[in-house]
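Dumped input.tsv below, it's TSV, C-alpha atoms and all ligand atoms:
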chain	number	residue	atom	x	y	z
A	1	MET	CA	-88.29	68.18	-109.64
A	2	SER	CA	-85.22	70.10	-108.56
A	3	ASN	CA	-81.98	68.67	-109.78
A	4	GLN	CA	-78.90	69.99	-108.08
A	5	ILE	CA	-76.25	67.63	-109.40
A	6	TYR	CA	-77.30	67.38	-113.01
A	7	LYS	CA	-77.62	70.32	-115.37
A	8	LYS	CA	-79.81	68.64	-117.95
A	9	ASP	CA	-82.87	66.50	-117.58
A	10	VAL	CA	-81.76	63.17	-116.33
A	11	VAL	CA	-82.91	59.86	-117.71
A	12	TYR	CA	-82.70	57.54	-114.74
A	13	LEU	CA	-82.20	53.98	-115.95
A	14	ASP	CA	-80.76	52.39	-112.84
A	15	ASN	CA	-83.90	51.26	-111.06
A	16	ALA	CA	-82.34	47.90	-110.17
A	17	ALA	CA	-79.85	49.80	-108.00
A	18	THR	CA	-82.53	51.83	-106.31
A	19	THR	CA	-85.75	53.68	-107.10
A	20	ARG	CA	-87.09	57.12	-106.35
A	21	VAL	CA	-89.34	57.19	-103.28
A	22	ALA	CA	-92.90	57.75	-104.51
A	23	LYS	CA	-94.53	61.03	-103.48
A	24	GLU	CA	-97.39	59.15	-101.77
A	25	VAL	CA	-94.84	57.08	-99.84
A	26	GLU	CA	-93.05	60.19	-98.65
A	27	GLU	CA	-96.38	61.67	-97.54
A	28	ALA	CA	-97.40	58.48	-95.72
A	29	MET	CA	-94.10	58.44	-93.84
A	30	LYS	CA	-94.03	62.08	-92.77
A	31	PRO	CA	-96.37	61.86	-89.75
A	32	TYR	CA	-94.23	59.03	-88.37
A	33	LEU	CA	-91.17	61.24	-88.53
A	34	GLY	CA	-93.12	63.96	-86.74
A	35	GLU	CA	-96.09	63.89	-84.41
A	36	LYS	CA	-96.57	60.12	-84.57
A	37	PHE	CA	-93.18	59.35	-83.09
A	38	GLY	CA	-94.22	56.61	-80.67
A	39	ASN	CA	-92.39	53.41	-79.85
A	40	ALA	CA	-94.66	50.50	-80.74
A	41	SER	CA	-93.68	48.69	-77.54
A	42	THR	CA	-95.21	51.30	-75.22
A	43	ALA	CA	-98.68	50.96	-73.72
A	44	TYR	CA	-100.11	54.46	-74.22
A	45	GLY	CA	-101.62	56.12	-77.27
A	46	TYR	CA	-98.43	56.89	-79.20
A	47	GLY	CA	-97.41	53.25	-78.97
A	48	GLU	CA	-100.83	52.07	-80.05
A	49	GLU	CA	-100.67	54.36	-83.09
A	50	ALA	CA	-97.26	52.98	-84.11
A	51	ARG	CA	-98.37	49.38	-83.52
A	52	GLU	CA	-101.44	49.83	-85.66
A	53	ALA	CA	-99.41	51.38	-88.48
A	54	ILE	CA	-96.90	48.52	-88.39
A	55	GLU	CA	-99.60	45.85	-88.37
A	56	HIS	CA	-101.43	47.55	-91.23
A	57	ALA	CA	-98.24	47.42	-93.33
A	58	ARG	CA	-97.76	43.76	-92.37
A	59	ARG	CA	-101.30	42.91	-93.52
A	60	VAL	CA	-100.83	44.75	-96.83
A	61	ILE	CA	-97.57	42.92	-97.51
A	62	ALA	CA	-98.97	39.53	-96.45
A	63	GLU	CA	-101.94	40.00	-98.75
A	64	SER	CA	-99.69	40.90	-101.69
A	65	LEU	CA	-98.04	37.47	-101.38
A	66	ASP	CA	-101.11	35.43	-100.32
A	67	ALA	CA	-99.33	34.95	-97.00
A	68	LYS	CA	-100.44	35.37	-93.38
A	69	PRO	CA	-99.39	38.51	-91.50
A	70	SER	CA	-97.65	36.30	-88.91
A	71	GLU	CA	-95.37	35.01	-91.69
A	72	ILE	CA	-93.90	38.49	-92.44
A	73	TYR	CA	-90.88	39.67	-90.44
A	74	PHE	CA	-89.59	43.20	-90.94
A	75	THR	CA	-85.85	43.65	-91.44
A	76	SER	CA	-83.50	46.56	-92.08
A	77	CYS	CA	-82.89	45.66	-95.74
A	78	GLY	CA	-82.88	42.92	-98.33
A	79	SER	CA	-79.36	41.94	-97.34
A	80	GLU	CA	-80.47	41.31	-93.78
A	81	ALA	CA	-83.38	39.16	-94.95
A	82	ASP	CA	-80.98	37.13	-97.12
A	83	ASN	CA	-78.47	36.74	-94.28
A	84	TRP	CA	-81.20	35.68	-91.88
A	85	ALA	CA	-82.69	33.12	-94.26
A	86	VAL	CA	-79.38	31.45	-95.13
A	87	LYS	CA	-77.70	31.52	-91.73
A	88	GLY	CA	-80.95	30.87	-89.87
A	89	VAL	CA	-81.91	27.75	-91.81
A	90	ALA	CA	-78.30	26.50	-91.74
A	91	GLU	CA	-78.27	26.80	-87.97
A	92	ALA	CA	-81.79	25.44	-87.41
A	93	CYS	CA	-81.15	22.36	-89.57
A	94	ARG	CA	-77.61	21.57	-88.44
A	95	GLU	CA	-78.78	18.27	-86.92
A	96	LYS	CA	-80.05	17.12	-90.30
A	97	GLY	CA	-77.03	18.21	-92.29
A	98	ASN	CA	-74.70	20.97	-93.30
A	99	HIS	CA	-75.06	21.20	-97.07
A	100	ILE	CA	-76.53	24.20	-98.88
A	101	ILE	CA	-77.21	24.64	-102.58
A	102	THR	CA	-77.16	28.03	-104.28
A	103	SER	CA	-76.15	29.43	-107.66
A	104	ARG	CA	-73.11	31.26	-108.94
A	105	ILE	CA	-75.17	34.31	-109.89
A	106	GLU	CA	-76.77	35.18	-106.54
A	107	HIS	CA	-76.45	38.62	-104.97
A	108	HIS	CA	-73.47	39.07	-102.64
A	109	ALA	CA	-75.85	39.04	-99.65
A	110	ILE	CA	-76.36	35.34	-100.41
A	111	LEU	CA	-72.90	34.48	-101.74
A	112	ASN	CA	-71.04	36.08	-98.85
A	113	SER	CA	-73.39	34.50	-96.31
A	114	CYS	CA	-72.64	31.13	-97.88
A	115	GLU	CA	-68.90	31.79	-97.79
A	116	TYR	CA	-69.19	32.73	-94.14
A	117	LEU	CA	-70.95	29.43	-93.46
A	118	GLU	CA	-68.22	27.55	-95.34
A	119	ARG	CA	-65.69	29.05	-92.94
A	120	LEU	CA	-67.81	27.63	-90.09
A	121	GLY	CA	-67.64	24.17	-91.64
A	122	TYR	CA	-70.77	24.08	-93.80
A	123	GLU	CA	-70.57	22.84	-97.38
A	124	VAL	CA	-72.01	24.84	-100.24
A	125	THR	CA	-72.62	23.86	-103.86
A	126	TYR	CA	-72.67	26.81	-106.28
A	127	LEU	CA	-74.68	25.76	-109.32
A	128	ASP	CA	-73.65	26.91	-112.77
A	129	VAL	CA	-76.21	28.54	-115.03
A	130	ASP	CA	-76.70	28.24	-118.78
A	131	GLU	CA	-75.88	31.01	-121.28
A	132	ASN	CA	-79.19	32.73	-120.42
A	133	GLY	CA	-78.48	32.65	-116.70
A	134	VAL	CA	-80.95	29.86	-115.93
A	135	VAL	CA	-80.25	27.28	-113.22
A	136	GLN	CA	-80.52	23.78	-114.70
A	137	MET	CA	-82.89	21.33	-112.98
A	138	GLU	CA	-80.76	18.27	-113.77
A	139	GLU	CA	-77.79	19.91	-112.09
A	140	LEU	CA	-79.89	20.91	-109.11
A	141	VAL	CA	-81.21	17.36	-108.65
A	142	HIS	CA	-77.70	16.01	-109.08
A	143	ALA	CA	-76.35	18.35	-106.37
A	144	ILE	CA	-78.90	17.30	-103.74
A	145	ARG	CA	-77.50	15.09	-100.97
A	146	PRO	CA	-79.09	13.44	-97.94
A	147	ASP	CA	-77.57	16.21	-95.80
A	148	THR	CA	-78.85	19.11	-97.95
A	149	THR	CA	-80.93	21.42	-95.76
A	150	LEU	CA	-81.42	24.52	-97.90
A	151	ILE	CA	-81.72	25.54	-101.53
A	152	THR	CA	-81.44	29.29	-102.08
A	153	ILE	CA	-81.96	30.53	-105.64
A	154	MET	CA	-82.98	34.05	-106.56
A	155	PHE	CA	-86.31	34.85	-108.20
A	156	GLY	CA	-84.94	37.36	-110.69
A	157	ASN	CA	-81.32	38.33	-111.29
A	158	ASN	CA	-80.33	41.92	-110.59
A	159	GLU	CA	-77.69	42.14	-113.32
A	160	ILE	CA	-79.10	40.28	-116.31
A	161	GLY	CA	-82.81	40.15	-115.42
A	162	THR	CA	-83.29	36.41	-115.85
A	163	ILE	CA	-86.20	34.92	-113.92
A	164	GLU	CA	-85.32	31.54	-112.47
A	165	PRO	CA	-87.64	28.48	-112.63
A	166	VAL	CA	-88.77	29.03	-109.05
A	167	MET	CA	-91.85	26.81	-109.38
A	168	GLN	CA	-89.78	23.80	-110.49
A	169	ILE	CA	-87.03	24.42	-107.95
A	170	GLY	CA	-89.62	24.66	-105.17
A	171	ARG	CA	-91.27	21.41	-106.23
A	172	ILE	CA	-87.94	19.59	-106.29
A	173	ALA	CA	-87.08	20.97	-102.84
A	174	ARG	CA	-90.46	20.09	-101.36
A	175	GLU	CA	-90.45	16.50	-102.68
A	176	ARG	CA	-87.17	16.00	-100.86
A	177	GLN	CA	-88.15	17.94	-97.73
A	178	ILE	CA	-85.47	20.55	-98.26
A	179	LEU	CA	-86.25	24.17	-97.39
A	180	PHE	CA	-86.30	26.63	-100.28
A	181	HIS	CA	-85.45	30.31	-99.97
A	182	THR	CA	-85.69	32.79	-102.81
A	183	ASP	CA	-84.10	36.24	-102.94
A	184	ALA	CA	-87.01	38.11	-104.54
A	185	VAL	CA	-85.56	41.58	-103.97
A	186	GLN	CA	-85.63	42.34	-107.71
A	187	ALA	CA	-88.84	40.49	-108.49
A	188	TYR	CA	-91.23	41.33	-105.66
A	189	ALA	CA	-93.70	44.06	-106.64
A	190	GLN	CA	-92.52	43.73	-110.26
A	191	VAL	CA	-94.07	40.36	-111.08
A	192	PRO	CA	-96.90	38.53	-109.28
A	193	ILE	CA	-95.66	36.16	-106.58
A	194	SER	CA	-97.99	34.04	-104.50
A	195	VAL	CA	-96.64	31.77	-101.79
A	196	ARG	CA	-99.81	29.71	-102.21
A	197	ARG	CA	-98.86	29.00	-105.83
A	198	TYR	CA	-95.10	28.85	-105.45
A	199	PRO	CA	-93.59	26.22	-103.14
A	200	VAL	CA	-91.34	28.79	-101.46
A	201	ASP	CA	-90.53	28.53	-97.74
A	202	LEU	CA	-88.66	31.79	-97.28
A	203	LEU	CA	-88.55	34.93	-99.42
A	204	SER	CA	-86.63	38.23	-99.16
A	205	ALA	CA	-87.67	41.68	-100.37
A	206	SER	CA	-86.50	45.27	-99.98
A	207	ALA	CA	-88.56	48.49	-100.12
A	208	HIS	CA	-86.10	50.72	-101.96
A	209	LYS	CA	-86.32	48.52	-105.05
A	210	PHE	CA	-90.02	49.39	-105.51
A	211	HIS	CA	-90.25	53.11	-104.72
A	212	GLY	CA	-90.18	52.65	-100.97
A	213	PRO	CA	-87.55	54.01	-98.58
A	214	LYS	CA	-84.07	52.61	-98.03
A	215	GLY	CA	-83.25	50.70	-94.89
A	216	VAL	CA	-86.33	48.49	-94.67
A	217	GLY	CA	-87.23	45.09	-96.06
A	218	PHE	CA	-88.87	41.88	-94.97
A	219	LEU	CA	-88.42	38.15	-94.79
A	220	TYR	CA	-91.39	35.88	-95.42
A	221	VAL	CA	-91.12	32.65	-93.43
A	222	ARG	CA	-93.73	29.98	-94.08
A	223	GLU	CA	-95.68	28.97	-90.98
A	224	GLY	CA	-94.09	25.92	-89.36
A	225	VAL	CA	-90.60	26.73	-90.62
A	226	ALA	CA	-88.52	27.44	-87.54
A	227	VAL	CA	-85.75	29.97	-88.00
A	228	PRO	CA	-83.81	31.13	-84.98
A	229	SER	CA	-83.84	34.70	-83.78
A	230	PHE	CA	-81.52	36.89	-85.86
A	231	ILE	CA	-81.13	39.98	-83.70
A	232	HIS	CA	-81.25	39.16	-80.00
A	233	GLY	CA	-82.87	41.64	-77.65
A	234	GLY	CA	-86.47	42.65	-77.09
A	235	GLY	CA	-89.56	40.81	-78.17
A	236	GLN	CA	-90.26	42.60	-81.45
A	237	GLU	CA	-91.20	40.60	-84.55
A	238	GLN	CA	-92.46	37.61	-82.54
A	239	GLY	CA	-89.21	37.59	-80.61
A	240	LYS	CA	-87.23	36.76	-83.76
A	241	ARG	CA	-85.85	40.13	-84.72
A	242	ALA	CA	-85.27	42.50	-81.85
A	243	GLY	CA	-84.88	46.25	-82.17
A	244	THR	CA	-87.33	49.13	-81.98
A	245	GLU	CA	-89.20	49.06	-85.27
A	246	ASN	CA	-88.40	51.47	-88.08
A	247	VAL	CA	-91.97	52.77	-88.03
A	248	PRO	CA	-91.63	55.40	-90.82
A	249	GLY	CA	-89.76	52.88	-92.97
A	250	ILE	CA	-92.31	50.12	-92.43
A	251	VAL	CA	-95.20	52.53	-93.11
A	252	GLY	CA	-93.43	53.69	-96.28
A	253	MET	CA	-92.86	50.12	-97.43
A	254	GLY	CA	-96.54	49.31	-96.84
A	255	LYS	CA	-97.58	52.32	-98.91
A	256	ALA	CA	-95.13	51.39	-101.68
A	257	VAL	CA	-96.63	47.89	-101.76
A	258	GLU	CA	-100.16	49.31	-102.04
A	259	LEU	CA	-99.07	51.51	-104.94
A	260	ALA	CA	-97.09	48.80	-106.70
A	261	PHE	CA	-99.89	46.24	-106.52
A	262	SER	CA	-102.67	48.66	-107.47
A	263	ASP	CA	-101.47	48.72	-111.09
A	264	MET	CA	-98.96	45.89	-111.29
A	265	ARG	CA	-100.29	44.05	-114.32
A	266	MET	CA	-100.66	47.21	-116.38
A	267	ARG	CA	-97.24	48.47	-115.31
A	268	MET	CA	-95.70	45.09	-116.10
A	269	ARG	CA	-97.18	45.08	-119.57
A	270	ARG	CA	-96.12	48.65	-120.29
A	271	GLU	CA	-92.65	48.22	-118.84
A	272	SER	CA	-92.01	44.94	-120.69
A	273	MET	CA	-93.07	46.62	-123.93
A	274	LEU	CA	-90.65	49.49	-123.33
A	275	ARG	CA	-87.95	47.01	-122.37
A	276	ASN	CA	-88.48	45.06	-125.59
A	277	TYR	CA	-88.48	48.33	-127.52
A	278	LEU	CA	-85.11	49.22	-125.97
A	279	MET	CA	-83.64	45.78	-126.72
A	280	GLU	CA	-84.88	45.77	-130.31
A	281	LYS	CA	-83.79	49.34	-130.94
A	282	ALA	CA	-80.32	48.58	-129.55
A	283	LEU	CA	-79.98	45.46	-131.71
A	284	HIS	CA	-81.22	47.34	-134.74
A	285	GLU	CA	-79.35	50.63	-134.43
A	286	LEU	CA	-76.13	49.70	-132.66
A	287	SER	CA	-73.35	47.47	-133.90
A	288	GLY	CA	-71.48	44.81	-131.96
A	289	VAL	CA	-74.13	44.40	-129.28
A	290	ARG	CA	-75.39	41.36	-127.37
A	291	ILE	CA	-78.38	41.19	-125.05
A	292	ASN	CA	-77.65	39.29	-121.84
A	293	GLY	CA	-80.11	37.15	-119.91
A	294	HIS	CA	-83.21	35.23	-120.95
A	295	ARG	CA	-85.14	36.92	-123.74
A	296	VAL	CA	-88.63	36.06	-122.48
A	297	ASN	CA	-88.35	35.03	-118.83
A	298	ARG	CA	-86.89	38.29	-117.61
A	299	LEU	CA	-87.78	41.06	-115.22
A	300	PRO	CA	-90.06	43.62	-116.89
A	301	GLY	CA	-87.63	46.52	-116.55
A	302	ASN	CA	-84.22	44.93	-117.10
A	303	VAL	CA	-82.02	45.33	-120.17
A	304	SER	CA	-78.43	44.10	-119.98
A	305	MET	CA	-76.24	44.68	-123.01
A	306	SER	CA	-72.61	43.96	-123.83
A	307	PHE	CA	-70.80	45.96	-126.49
A	308	ARG	CA	-67.86	44.62	-128.46
A	309	GLY	CA	-64.48	46.24	-127.99
A	310	VAL	CA	-65.40	48.98	-125.51
A	311	ASP	CA	-64.76	49.55	-121.84
A	312	GLY	CA	-68.07	49.66	-119.96
A	313	ALA	CA	-66.84	52.08	-117.32
A	314	SER	CA	-65.79	54.63	-119.99
A	315	LEU	CA	-69.11	54.20	-121.75
A	316	LEU	CA	-71.00	54.86	-118.51
A	317	ILE	CA	-69.10	58.13	-117.99
A	318	LEU	CA	-69.99	59.30	-121.49
A	319	LEU	CA	-73.61	58.28	-120.98
A	320	GLU	CA	-73.71	60.32	-117.81
A	321	GLU	CA	-72.43	63.36	-119.69
A	322	ASP	CA	-75.57	63.00	-121.79
A	323	GLY	CA	-77.68	62.77	-118.64
A	324	ILE	CA	-78.23	59.01	-118.82
A	325	CYS	CA	-77.82	57.15	-115.53
A	326	ALA	CA	-77.09	53.48	-116.11
A	327	SER	CA	-74.79	51.00	-114.47
A	328	GLY	CA	-72.26	48.32	-115.19
A	329	GLY	CA	-74.49	45.74	-113.64
A	330	SER	CA	-72.38	45.38	-110.56
A	331	ALA	CA	-70.22	47.46	-108.30
A	332	CYS	CA	-66.74	46.88	-109.65
A	333	ASN	CA	-63.87	48.32	-107.72
A	334	THR	CA	-60.78	49.64	-109.40
A	335	GLY	CA	-58.00	47.11	-109.34
A	336	GLU	CA	-60.48	44.26	-109.38
A	337	SER	CA	-61.58	42.51	-112.50
A	338	ARG	CA	-63.93	44.68	-114.53
A	339	ILE	CA	-66.01	41.69	-115.50
A	340	SER	CA	-68.78	40.79	-113.11
A	341	TYR	CA	-69.13	37.22	-111.89
A	342	VAL	CA	-72.62	37.06	-113.39
A	343	ILE	CA	-71.39	38.08	-116.84
A	344	ASP	CA	-68.59	35.55	-116.42
A	345	ALA	CA	-71.03	32.81	-115.36
A	346	ILE	CA	-73.15	33.17	-118.50
A	347	GLY	CA	-70.05	33.02	-120.69
A	348	VAL	CA	-70.20	36.40	-122.44
A	349	PRO	CA	-67.30	36.36	-124.95
A	350	ALA	CA	-64.09	38.10	-123.85
A	351	ASP	CA	-64.35	40.87	-126.47
A	352	TYR	CA	-67.85	41.77	-125.23
A	353	ALA	CA	-67.73	41.15	-121.48
A	354	PRO	CA	-65.88	44.34	-120.40
A	355	GLY	CA	-68.41	46.46	-122.32
A	356	THR	CA	-71.46	45.49	-120.27
A	357	VAL	CA	-74.09	48.09	-119.45
A	358	ARG	CA	-77.33	47.57	-117.55
A	359	MET	CA	-80.34	49.82	-118.08
A	360	THR	CA	-83.27	49.23	-115.74
A	361	LEU	CA	-86.61	50.94	-116.28
A	362	SER	CA	-89.40	51.89	-113.91
A	363	GLY	CA	-93.05	52.75	-114.26
A	364	ASP	CA	-91.98	56.36	-114.91
A	365	THR	CA	-89.72	55.57	-117.88
A	366	THR	CA	-90.97	56.89	-121.21
A	367	ARG	CA	-90.36	56.04	-124.84
A	368	GLU	CA	-88.49	59.34	-125.19
A	369	ASP	CA	-86.16	58.26	-122.35
A	370	VAL	CA	-85.38	55.07	-124.24
A	371	ASP	CA	-84.83	56.99	-127.49
A	372	ARG	CA	-82.42	59.33	-125.75
A	373	ALA	CA	-80.55	56.43	-124.18
A	374	VAL	CA	-80.09	54.64	-127.49
A	375	ALA	CA	-79.04	57.84	-129.27
A	376	SER	CA	-76.44	58.45	-126.57
A	377	LEU	CA	-75.21	54.86	-126.79
A	378	LYS	CA	-74.89	55.20	-130.54
A	379	SER	CA	-72.81	58.37	-130.55
A	380	ASN	CA	-70.66	57.33	-127.61
A	381	LEU	CA	-69.95	53.86	-128.99
A	382	GLU	CA	-68.70	55.54	-132.16
A	383	ARG	CA	-66.48	57.84	-130.10
A	384	LEU	CA	-65.03	54.97	-128.06
A	385	ARG	CA	-64.48	52.68	-131.03
A	386	ASP	CA	-62.70	55.34	-133.11
A	401	LIG	C1	-80.61	45.10	-103.90
A	401	LIG	C2	-80.56	43.62	-103.75
A	401	LIG	C3	-80.30	43.01	-102.51
A	401	LIG	C4	-79.95	43.82	-101.29
A	401	LIG	O1	-81.02	44.59	-100.82
A	401	LIG	P1	-80.67	45.82	-99.85
A	401	LIG	O2	-81.99	46.25	-99.32
A	401	LIG	O3	-80.05	46.87	-100.74
A	401	LIG	O4	-79.74	45.33	-98.82
A	401	LIG	C5	-80.32	41.65	-102.42
A	401	LIG	N1	-80.60	40.89	-103.50
A	401	LIG	C6	-80.85	41.42	-104.71
A	401	LIG	C7	-81.18	40.52	-105.85
A	401	LIG	C8	-80.84	42.80	-104.88
A	401	LIG	O5	-81.09	43.31	-106.08

Would you put the structure from the file into structure tokens?
Amino acid sequence: MSNQIYKKDVVYLDNAATTRVAKEVEEAMKPYLGEKFGNASTAYGYGEEAREAIEHARRVIAESLDAKPSEIYFTSCGSEADNWAVKGVAEACREKGNHIITSRIEHHAILNSCEYLERLGYEVTYLDVDENGVVQMEELVHAIRPDTTLITIMFGNNEIGTIEPVMQIGRIARERQILFHTDAVQAYAQVPISVRRYPVDLLSASAHKFHGPKGVGFLYVREGVAVPSFIHGGGQEQGKRAGTENVPGIVGMGKAVELAFSDMRMRMRRESMLRNYLMEKALHELSGVRINGHRVNRLPGNVSMSFRGVDGASLLILLEEDGICASGGSACNTGESRISYVIDAIGVPADYAPGTVRMTLSGDTTREDVDRAVASLKSNLERLRD
């Protein structure tokens, strides 16, 4: 692999931010950037070719979730799927009520959609989470009102890795005839999700989080759940999401799904073992460290750590000098608070919170990568604490 920016071998531990496009995905996409350039809405051969490729990807994705192809709607990203789910259900159910329940630790695609709806007169309850980042069922039940139309709680958290009790939340929602959306952008293709098993009505995912291309995602909408059209225009996506399809992107996402599901259980096991190895090694070899998020119910590749008495941004710069790409767990702008709202919500102590670093693994991460990361953390923590 050529590496123009970095001089040394890079250990990429920021797979929750984005992943490398798999070689097979790149290859699958190429013809659709070249000779197979057709618009799926045209009647002749090129169009037919594009249509078939799109519908193949839709079938592959539907199968991966135990859904029907007609329940999968392609979008331009995970954020769009989240926006559509929240705003669409809010609008569709306005007659019934205008109350939405979410959590304080959702991705900004959800939080900012909810804030937008509040400006339009909707009411939103933002549930607290416990110290592990888990939404509490008693609080959820307590927040439900006769005019609640939507519960939106993420499947797995992007910063701290906690997997939410989606099964229980879905059951509570269904008993009360409230629609349930889950932002599964971090969890889909990392852990098994079946919409036959889970009482989920809507679900968002994004290709670039599982070795697919950027700029393509999907929203699953259970049959019978009516969401209004999100992009108005032509008749694409059953008339719900207009716009000439991103054929190469959709083909790439389909291929990435095939790859991810062909070895998911093995990859999960291997990645969780490496993740646990990283957490244990950090706790063992580093001082003043806390692991954030739920210890067991967490995404296979996520490790979130907070270090006492250091500035996370400075630590990340030193890590990068050693060729380790990690992140602070959220995009924090200068001038704004350095502490992410997720880290704040789980109550990380004030002397630890600014020193939060997230390392997220992929199927390509090796034990040597983890060893290098911990060695770099060790020497750089000493430097910063001196
Ligand atoms: C990345 C991410 C998104 C946004 O997906 P994009 O495709 O980048 O817009 C939404 N939710 C979660 C949990 C994410 O991790």

Note to self: Could you tell me how far atom CA of A:Leu377 sits from atom CA of A:Glu320, in Å to one decimal place?
What the structure shows: 10.6 Å

Next item on the list: Could you tell me which of A:Lys96, A:Arg176, A:His142, A:His108 comes closest to A:Asn157 if we count only C-alpha atoms?
Entry: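 Smallest separation from A:Asn157 among the options: A:His108.
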
Note to self: Using all atoms listed in the file, can you tell me which of A:Gly217, A:Gly38, A:Gly88, A:Gly121 comes closest to ligand LIG 401 (chain A)?
What the structure shows: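 Under the stated criterion, the closest residue is A:Gly217.
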
Notebook entry, point to check: Could you state the separation of atom CA of A:Lys240 and atom CA of A:Glu91 in Å, given to one decimal place?
Noted result: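 That distance, rounded to one decimal, is 14.0 Å.
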
Next item on the list: Within 6 Å of ligand LIG 401 (chain A), which residues show up when you count only C-alpha atoms and all ligand atoms? List them as an NGL selection string, please.
Entry: :A and (77-79 or 107 or 109 or 157-158 or 183 or 185-186 or 206)

Next item on the list: Would you please work out which residue, of A:Leu361, A:Ala16, A:Leu318, A:Ala205, is nearest to A:Leu274 when using all atoms listed in the file?
Entry: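 Checking each candidate against A:Leu274, we get A:Leu361 as the closest.
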
Check: stretch 343-351 of chain A: which residues within 12 Å, counting all atoms listed in the file, same-chain residues fewer than 6 positions away excluded, as a PyMOL selection string?
Finding: chain A and resi 103-106+126-135+157-162+288-294+304-312+328-330+337+357-358

Next item on the list: Would you work out the distance separating atom CA of A:Glu55 from atom CA of A:Ala28, expressed in Å to one decimal?
Entry: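 Rounded to one decimal, the two atoms are 14.8 Å apart.
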